[in-house]
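These notes are about the structure you will find just below.
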There are 2 protein chains.
Amino acid sequence: MVLLIHHTTSPFSRKIRLQMSEKKVLFVLKEEEPWNLSEEVYQLNPSGSLPIFLYDGNFISGNYAISEYLEDFIKEIRLLPDDIKQRADARNIIEWFDTKFYEDVYKKIVVEKVHKRFSKGLAPDSKILKIGLNNLNYHMEYIDWLAEKDNYLAGETFSLADITAAAHLSIIDYLGDVSWENYRNAKIWYSKIKSRPSFKDLLNDTIRGILPSKHYANLDF
Amino acid sequence: MVLLIHHTTSPFSRKIRLQMSEKKVLFVLKEEEPWNLSEEVYQLNPSGSLPIFLYDGNFISGNYAISEYLEDFIKEIRLLPDDIKQRADARNIIEWFDTKFYEDVYKKIVVEKVHKRFSKGLAPDSKILKIGLNNLNYHMEYIDWLAEKDNYLAGETFSLADITAAAHLSIIDYLGDVSWENYRNAKIWYSKIKSRPSFKDLLNDTIRGILPSKHYANLDF
């Protein structure tokens with residue numbers, strides 16, 4: 001049995017939860033608020049990043065380390081393409097979301113709206129928020145283009161690239177900031193991912209004190 | 001033959017160069033200044049991140065995608081441990097340098113001292129620089145601790161974790177900002193990595209208009 005120390009606002013936590021569900025890994029969750037981490041978390045992982053993956057008295061931290069570990073360990077259900085060039089292309093999309101999208105969108109929307117409020121009691125800086133929303137719209141065009149090209153973001157099969165992208169987008173969607181009506185292909189793709197059984201658990205998530213957008217848990221949004 | 005579009009100030013470019021040399025991949029380099037990228041780069045990789053790896057009419061961008069591709073493709077010389085838990089631990093160190101060290105140190109020292117000067121003609125912001133140098137010293141204690149524990153950063157064998165760490169540190173060292181005398185174990189470790197044939201090419205690098213620190217290319221520093 002796996003214990004995952006996570007938080008619903010962490011896209012990396014959402015990614016690992018989805019990946020474990022897809023791979024039929026049994027796990028329990030333990031929530032830790034990123035703005036109020038316990039000593040236990042810092043002892044396991046001094047950098048304080050989430051999630052942390054615990055099993056059999058062992059642990060792994062780091063989103064890239066955990067997700068590749070799951071691919072190495074459970075080979076029956078693969079979430080990266082078999083062909084090594086396609087695998088590189090999928091990893092490139094994953095990396096883009098985990099670094100570029102995270103920097104341009106997550107840090108400017110979720111950190112401003114959620115982290116700042118709970119860690120410092122402050123309202124979001126409207127200038128930073130505006131930049132984040134502009135970046136989001138700009139990046140949604142890329143996602144829309146990826147979704148139009150093929151059935152899934154990294155080709156014709158569902159992969160960790162879809163999981164990573166949906167993990168990142170779902171938090172922004174919780175806050176109601178994705179203008180789905182402007183991105184038809186991205187919307188069709190997201191609706192497909194959202195309908196997977198692995199996603200169900202995420203749609204029940206709540207952020208303390210912040211209600212989800214009306215359509216957050218709606219499969220027909 | 002591989003063509004790598006790179007820049008000497010990019011730790012991700014340095015990592016892929018070292019990894020290719022260790023794996024005996026033949027490659028040629030093409031330099032692109034991050035503050036003055038050509039249309040060609042943006043066409044290959046709209047996010048503008050370096051390096052870009054070109055081969056046989058194909059290309060891969062993204063540091064994580066390229067380095068895992070090299071591991072997948074050239075299995076004779078492996079730079080990640082065979083044991084999957086040890087592999088996860090090595091990837092965790094790699095991720096820590098590529099995200100945390102990059103954010104805390106690279107962006108506050110190299111971006112301030114080099115990128116800002118060439119992209120905007122500005123001097124570094126002394127407040128940001130001071131934070132970067134404090135972060136560096138704090139993180140050097142962690143590197144010193146890792147280097148004391150085992151022969152190499154991710155255990156008893158040389159791995160991509162050492163390559164990644166040395167790639168990041170070597171740029172800071174070019175600028176003369178690492179106080180090696182305070183971190184004896186880290187210094188012994190870095191001296192070992194620096195003496196590898198794969199490192200030689202990096203020690204001949206120059207940044208236009210900025211001389212390397214006196215000991216940069218010195219193996220006995």
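In the structure tokens, chains take the letters A, B, ... in the order shown, each chain's residues start at 1, and ligands count up from 1 in the order shown.
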
Tell me, counting only C-alpha atoms, for each residue of chain A within 6 Å of chain B, which pair of atoms is nearest and how far apart they are in Å to one decimal, in rows ordered by chain and increasing number, as JSON lines.
{"residue": "A:Gly62", "atom": "CA", "partner": "B:Asn92", "partner_atom": "CA", "distance": 5.3}
{"residue": "A:Ala65", "atom": "CA", "partner": "B:Ala88", "partner_atom": "CA", "distance": 4.9}
{"residue": "A:Tyr69", "atom": "CA", "partner": "B:Ala88", "partner_atom": "CA", "distance": 5.8}
{"residue": "A:Ala88", "atom": "CA", "partner": "B:Ala65", "partner_atom": "CA", "distance": 4.9}
{"residue": "A:Arg91", "atom": "CA", "partner": "B:Ala65", "partner_atom": "CA", "distance": 5.0}
{"residue": "A:Asn92", "atom": "CA", "partner": "B:Ala65", "partner_atom": "CA", "distance": 5.1}

Tyr102 of chain B surroundings by only C-alpha atoms, 12 Å radius, close-in-sequence under 3 positions cut, as an MDAnalysis selection string: (chainID A and resid 99) or (chainID B and resid 9:12 94:99 105:111 132 135:136 139 164:165 167:169 171:172)

Do a neighbour search on segment 197-207 of chain A at 8 Å with only C-alpha atoms, toss out local chain neighbours closer than 4 positions, and write the hits as a count of residues only. 11

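Between atom CA of Lys149 of chain A and atom CA of Arg196 of chain A lies a distance of 21.0 Å.
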
Could you list, as a list in words, every residue within 8 Å of Lys23 of chain A, counting only C-alpha atoms and ignoring same-chain residues fewer than 2 positions away? Gln19, Met20, Ser21, Val25, Ile74, Ile77 and Arg78 of chain A

So which one's closest to Asn151 of chain B, B:Ile188, B:Ile163, B:Leu3, B:Val178? Using only C-alpha atoms, please.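 Comparing B:Ile188, B:Ile163, B:Leu3, B:Val178 against Asn151 of chain B, the winner is B:Ile188.
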
Among chain B, which residues carry a DSSP assignment of strand (DSSP E), reported as a PDB file with all heavy atoms, in the first residue's frame?
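The file below, states_22.pdb, is the result:
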ATOM      1  N   VAL B   2      24.927  14.143 -34.383  1.00  0.00           N
ATOM      2  CA  VAL B   2      23.944  14.973 -33.682  1.00  0.00           C
ATOM      3  C   VAL B   2      24.370  16.436 -33.765  1.00  0.00           C
ATOM      4  O   VAL B   2      25.561  16.744 -33.682  1.00  0.00           O
ATOM      5  CB  VAL B   2      23.858  14.531 -32.196  1.00  0.00           C
ATOM      6  CG1 VAL B   2      23.104  15.539 -31.361  1.00  0.00           C
ATOM      7  CG2 VAL B   2      23.236  13.144 -32.081  1.00  0.00           C
ATOM      8  N   LEU B   3      23.397  17.320 -33.922  1.00  0.00           N
ATOM      9  CA  LEU B   3      23.662  18.750 -33.791  1.00  0.00           C
ATOM     10  C   LEU B   3      22.936  19.231 -32.544  1.00  0.00           C
ATOM     11  O   LEU B   3      21.736  18.978 -32.395  1.00  0.00           O
ATOM     12  CB  LEU B   3      23.150  19.509 -35.031  1.00  0.00           C
ATOM     13  CG  LEU B   3      23.197  21.043 -34.924  1.00  0.00           C
ATOM     14  CD1 LEU B   3      24.638  21.558 -35.027  1.00  0.00           C
ATOM     15  CD2 LEU B   3      22.352  21.697 -36.021  1.00  0.00           C
ATOM     16  N   LEU B   4      23.672  19.880 -31.653  1.00  0.00           N
ATOM     17  CA  LEU B   4      23.027  20.401 -30.451  1.00  0.00           C
ATOM     18  C   LEU B   4      23.047  21.925 -30.493  1.00  0.00           C
ATOM     19  O   LEU B   4      24.110  22.545 -30.528  1.00  0.00           O
ATOM     20  CB  LEU B   4      23.748  19.912 -29.185  1.00  0.00           C
ATOM     21  CG  LEU B   4      22.969  20.148 -27.884  1.00  0.00           C
ATOM     22  CD1 LEU B   4      21.868  19.091 -27.723  1.00  0.00           C
ATOM     23  CD2 LEU B   4      23.889  20.121 -26.663  1.00  0.00           C
ATOM     24  N   ILE B   5      21.850  22.505 -30.512  1.00  0.00           N
ATOM     25  CA  ILE B   5      21.756  23.965 -30.401  1.00  0.00           C
ATOM     26  C   ILE B   5      21.800  24.275 -28.910  1.00  0.00           C
ATOM     27  O   ILE B   5      20.976  23.767 -28.140  1.00  0.00           O
ATOM     28  CB  ILE B   5      20.466  24.506 -31.047  1.00  0.00           C
ATOM     29  CG1 ILE B   5      20.395  24.073 -32.524  1.00  0.00           C
ATOM     30  CG2 ILE B   5      20.401  26.021 -30.927  1.00  0.00           C
ATOM     31  CD1 ILE B   5      19.143  24.551 -33.254  1.00  0.00           C
ATOM     32  N   HIS B   6      22.777  25.070 -28.513  1.00  0.00           N
ATOM     33  CA  HIS B   6      23.070  25.199 -27.071  1.00  0.00           C
ATOM     34  C   HIS B   6      23.522  26.610 -26.728  1.00  0.00           C
ATOM     35  O   HIS B   6      23.736  27.451 -27.614  1.00  0.00           O
ATOM     36  CB  HIS B   6      24.188  24.221 -26.719  1.00  0.00           C
ATOM     37  CG  HIS B   6      25.555  24.795 -26.974  1.00  0.00           C
ATOM     38  ND1 HIS B   6      26.485  24.987 -25.971  1.00  0.00           N
ATOM     39  CD2 HIS B   6      26.121  25.268 -28.117  1.00  0.00           C
ATOM     40  CE1 HIS B   6      27.574  25.532 -26.482  1.00  0.00           C
ATOM     41  NE2 HIS B   6      27.391  25.705 -27.773  1.00  0.00           N
ATOM     42  N   PHE B  27      28.923  14.615 -31.712  1.00  0.00           N
ATOM     43  CA  PHE B  27      28.012  15.741 -31.920  1.00  0.00           C
ATOM     44  C   PHE B  27      28.762  17.009 -32.284  1.00  0.00           C
ATOM     45  O   PHE B  27      29.938  17.152 -31.965  1.00  0.00           O
ATOM     46  CB  PHE B  27      27.134  15.984 -30.689  1.00  0.00           C
ATOM     47  CG  PHE B  27      27.876  16.348 -29.429  1.00  0.00           C
ATOM     48  CD1 PHE B  27      28.024  17.681 -29.057  1.00  0.00           C
ATOM     49  CD2 PHE B  27      28.427  15.370 -28.616  1.00  0.00           C
ATOM     50  CE1 PHE B  27      28.709  18.028 -27.876  1.00  0.00           C
ATOM     51  CE2 PHE B  27      29.117  15.705 -27.449  1.00  0.00           C
ATOM     52  CZ  PHE B  27      29.255  17.028 -27.082  1.00  0.00           C
ATOM     53  N   VAL B  28      28.040  17.893 -32.945  1.00  0.00           N
ATOM     54  CA  VAL B  28      28.582  19.232 -33.173  1.00  0.00           C
ATOM     55  C   VAL B  28      27.668  20.231 -32.483  1.00  0.00           C
ATOM     56  O   VAL B  28      26.475  19.959 -32.267  1.00  0.00           O
ATOM     57  CB  VAL B  28      28.719  19.587 -34.681  1.00  0.00           C
ATOM     58  CG1 VAL B  28      29.879  18.837 -35.316  1.00  0.00           C
ATOM     59  CG2 VAL B  28      27.433  19.321 -35.418  1.00  0.00           C
ATOM     60  N   LEU B  29      28.243  21.368 -32.134  1.00  0.00           N
ATOM     61  CA  LEU B  29      27.502  22.368 -31.381  1.00  0.00           C
ATOM     62  C   LEU B  29      27.175  23.566 -32.254  1.00  0.00           C
ATOM     63  O   LEU B  29      27.967  23.943 -33.117  1.00  0.00           O
ATOM     64  CB  LEU B  29      28.337  22.852 -30.194  1.00  0.00           C
ATOM     65  CG  LEU B  29      28.609  21.852 -29.082  1.00  0.00           C
ATOM     66  CD1 LEU B  29      29.626  22.426 -28.095  1.00  0.00           C
ATOM     67  CD2 LEU B  29      27.302  21.502 -28.365  1.00  0.00           C
ATOM     68  N   LYS B  30      26.024  24.147 -32.012  1.00  0.00           N
ATOM     69  CA  LYS B  30      25.712  25.424 -32.643  1.00  0.00           C
ATOM     70  C   LYS B  30      25.241  26.361 -31.543  1.00  0.00           C
ATOM     71  O   LYS B  30      24.279  26.045 -30.832  1.00  0.00           O
ATOM     72  CB  LYS B  30      24.605  25.225 -33.686  1.00  0.00           C
ATOM     73  CG  LYS B  30      24.336  26.491 -34.446  1.00  0.00           C
ATOM     74  CD  LYS B  30      23.260  26.326 -35.487  1.00  0.00           C
ATOM     75  CE  LYS B  30      22.926  27.711 -36.034  1.00  0.00           C
ATOM     76  NZ  LYS B  30      21.673  27.711 -36.756  1.00  0.00           N
ATOM     77  N   GLU B  31      25.918  27.483 -31.395  1.00  0.00           N
ATOM     78  CA  GLU B  31      25.575  28.377 -30.293  1.00  0.00           C
ATOM     79  C   GLU B  31      24.443  29.327 -30.649  1.00  0.00           C
ATOM     80  O   GLU B  31      24.378  29.846 -31.757  1.00  0.00           O
ATOM     81  CB  GLU B  31      26.817  29.192 -29.887  1.00  0.00           C
ATOM     82  CG  GLU B  31      26.622  29.836 -28.520  1.00  0.00           C
ATOM     83  CD  GLU B  31      27.875  30.541 -28.012  1.00  0.00           C
ATOM     84  OE1 GLU B  31      28.266  31.554 -28.613  1.00  0.00           O
ATOM     85  OE2 GLU B  31      28.447  30.065 -27.016  1.00  0.00           O
ATOM     86  N   ILE B  52      18.419  22.191 -27.975  1.00  0.00           N
ATOM     87  CA  ILE B  52      17.592  21.433 -28.921  1.00  0.00           C
ATOM     88  C   ILE B  52      18.507  20.406 -29.583  1.00  0.00           C
ATOM     89  O   ILE B  52      19.630  20.736 -29.976  1.00  0.00           O
ATOM     90  CB  ILE B  52      16.942  22.357 -29.972  1.00  0.00           C
ATOM     91  CG1 ILE B  52      16.141  23.471 -29.274  1.00  0.00           C
ATOM     92  CG2 ILE B  52      16.035  21.557 -30.909  1.00  0.00           C
ATOM     93  CD1 ILE B  52      15.582  24.522 -30.234  1.00  0.00           C
ATOM     94  N   PHE B  53      18.018  19.192 -29.651  1.00  0.00           N
ATOM     95  CA  PHE B  53      18.813  18.041 -30.089  1.00  0.00           C
ATOM     96  C   PHE B  53      18.315  17.624 -31.468  1.00  0.00           C
ATOM     97  O   PHE B  53      17.151  17.252 -31.630  1.00  0.00           O
ATOM     98  CB  PHE B  53      18.549  16.952 -29.036  1.00  0.00           C
ATOM     99  CG  PHE B  53      19.190  15.613 -29.258  1.00  0.00           C
ATOM    100  CD1 PHE B  53      20.421  15.316 -28.686  1.00  0.00           C
ATOM    101  CD2 PHE B  53      18.529  14.611 -29.964  1.00  0.00           C
ATOM    102  CE1 PHE B  53      20.993  14.055 -28.830  1.00  0.00           C
ATOM    103  CE2 PHE B  53      19.086  13.345 -30.119  1.00  0.00           C
ATOM    104  CZ  PHE B  53      20.323  13.071 -29.547  1.00  0.00           C
ATOM    105  N   LEU B  54      19.182  17.743 -32.498  1.00  0.00           N
ATOM    106  CA  LEU B  54      18.762  17.421 -33.867  1.00  0.00           C
ATOM    107  C   LEU B  54      19.546  16.226 -34.396  1.00  0.00           C
ATOM    108  O   LEU B  54      20.773  16.162 -34.234  1.00  0.00           O
ATOM    109  CB  LEU B  54      18.996  18.611 -34.803  1.00  0.00           C
ATOM    110  CG  LEU B  54      18.182  19.874 -34.500  1.00  0.00           C
ATOM    111  CD1 LEU B  54      19.029  20.890 -33.772  1.00  0.00           C
ATOM    112  CD2 LEU B  54      17.641  20.489 -35.789  1.00  0.00           C
ATOM    113  N   TYR B  55      18.839  15.308 -35.047  1.00  0.00           N
ATOM    114  CA  TYR B  55      19.498  14.121 -35.601  1.00  0.00           C
ATOM    115  C   TYR B  55      18.619  13.553 -36.713  1.00  0.00           C
ATOM    116  O   TYR B  55      17.387  13.572 -36.588  1.00  0.00           O
ATOM    117  CB  TYR B  55      19.693  13.068 -34.503  1.00  0.00           C
ATOM    118  CG  TYR B  55      18.380  12.497 -34.028  1.00  0.00           C
ATOM    119  CD1 TYR B  55      17.952  11.226 -34.436  1.00  0.00           C
ATOM    120  CD2 TYR B  55      17.541  13.251 -33.226  1.00  0.00           C
ATOM    121  CE1 TYR B  55      16.722  10.728 -34.036  1.00  0.00           C
ATOM    122  CE2 TYR B  55      16.316  12.757 -32.820  1.00  0.00           C
ATOM    123  CZ  TYR B  55      15.925  11.500 -33.224  1.00  0.00           C
ATOM    124  OH  TYR B  55      14.697  11.024 -32.837  1.00  0.00           O
ATOM    125  N   ASN B  58      15.264  14.727 -37.538  1.00  0.00           N
ATOM    126  CA  ASN B  58      14.346  14.804 -36.401  1.00  0.00           C
ATOM    127  C   ASN B  58      14.895  15.745 -35.344  1.00  0.00           C
ATOM    128  O   ASN B  58      16.080  16.086 -35.382  1.00  0.00           O
ATOM    129  CB  ASN B  58      14.247  13.411 -35.751  1.00  0.00           C
ATOM    130  CG  ASN B  58      13.003  12.677 -36.184  1.00  0.00           C
ATOM    131  OD1 ASN B  58      11.940  13.280 -36.324  1.00  0.00           O
ATOM    132  ND2 ASN B  58      13.128  11.380 -36.386  1.00  0.00           N
ATOM    133  N   PHE B  59      14.063  16.119 -34.394  1.00  0.00           N
ATOM    134  CA  PHE B  59      14.610  16.900 -33.273  1.00  0.00           C
ATOM    135  C   PHE B  59      13.818  16.619 -32.003  1.00  0.00           C
ATOM    136  O   PHE B  59      12.656  16.190 -32.048  1.00  0.00           O
ATOM    137  CB  PHE B  59      14.601  18.403 -33.595  1.00  0.00           C
ATOM    138  CG  PHE B  59      13.230  19.001 -33.572  1.00  0.00           C
ATOM    139  CD1 PHE B  59      12.758  19.627 -32.414  1.00  0.00           C
ATOM    140  CD2 PHE B  59      12.402  18.938 -34.674  1.00  0.00           C
ATOM    141  CE1 PHE B  59      11.477  20.168 -32.377  1.00  0.00           C
ATOM    142  CE2 PHE B  59      11.127  19.474 -34.647  1.00  0.00           C
ATOM    143  CZ  PHE B  59      10.663  20.091 -33.503  1.00  0.00           C
ATOM    144  N   ILE B  60      14.490  16.864 -30.872  1.00  0.00           N
ATOM    145  CA  ILE B  60      13.843  16.756 -29.559  1.00  0.00           C
ATOM    146  C   ILE B  60      14.210  18.007 -28.776  1.00  0.00           C
ATOM    147  O   ILE B  60      15.369  18.412 -28.759  1.00  0.00           O
ATOM    148  CB  ILE B  60      14.331  15.506 -28.775  1.00  0.00           C
ATOM    149  CG1 ILE B  60      14.108  14.231 -29.598  1.00  0.00           C
ATOM    150  CG2 ILE B  60      13.636  15.397 -27.420  1.00  0.00           C
ATOM    151  CD1 ILE B  60      14.765  12.984 -28.990  1.00  0.00           C
ATOM    152  N   SER B  61      13.228  18.610 -28.135  1.00  0.00           N
ATOM    153  CA  SER B  61      13.571  19.700 -27.228  1.00  0.00           C
ATOM    154  C   SER B  61      13.130  19.326 -25.822  1.00  0.00           C
ATOM    155  O   SER B  61      12.351  18.398 -25.626  1.00  0.00           O
ATOM    156  CB  SER B  61      12.950  21.026 -27.689  1.00  0.00           C
ATOM    157  OG  SER B  61      11.580  20.896 -27.899  1.00  0.00           O
TER     158      SER B  61
END

Could you name the residues that touch Asn137 of chain B at 12 Å or less, counting only C-alpha atoms, but leaving out those on the same chain fewer than 3 positions away, as a ChimeraX atom specification? /B:101,104-105,130-134,140-144,169,172,177-183,186

Between atom CA of Leu80 of chain A and atom CA of Ala154 of chain A, measure the distance and give it in Å to one decimal.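 Taking atom CA of Leu80 of chain A and atom CA of Ala154 of chain A, their separation equals 9.3 Å.
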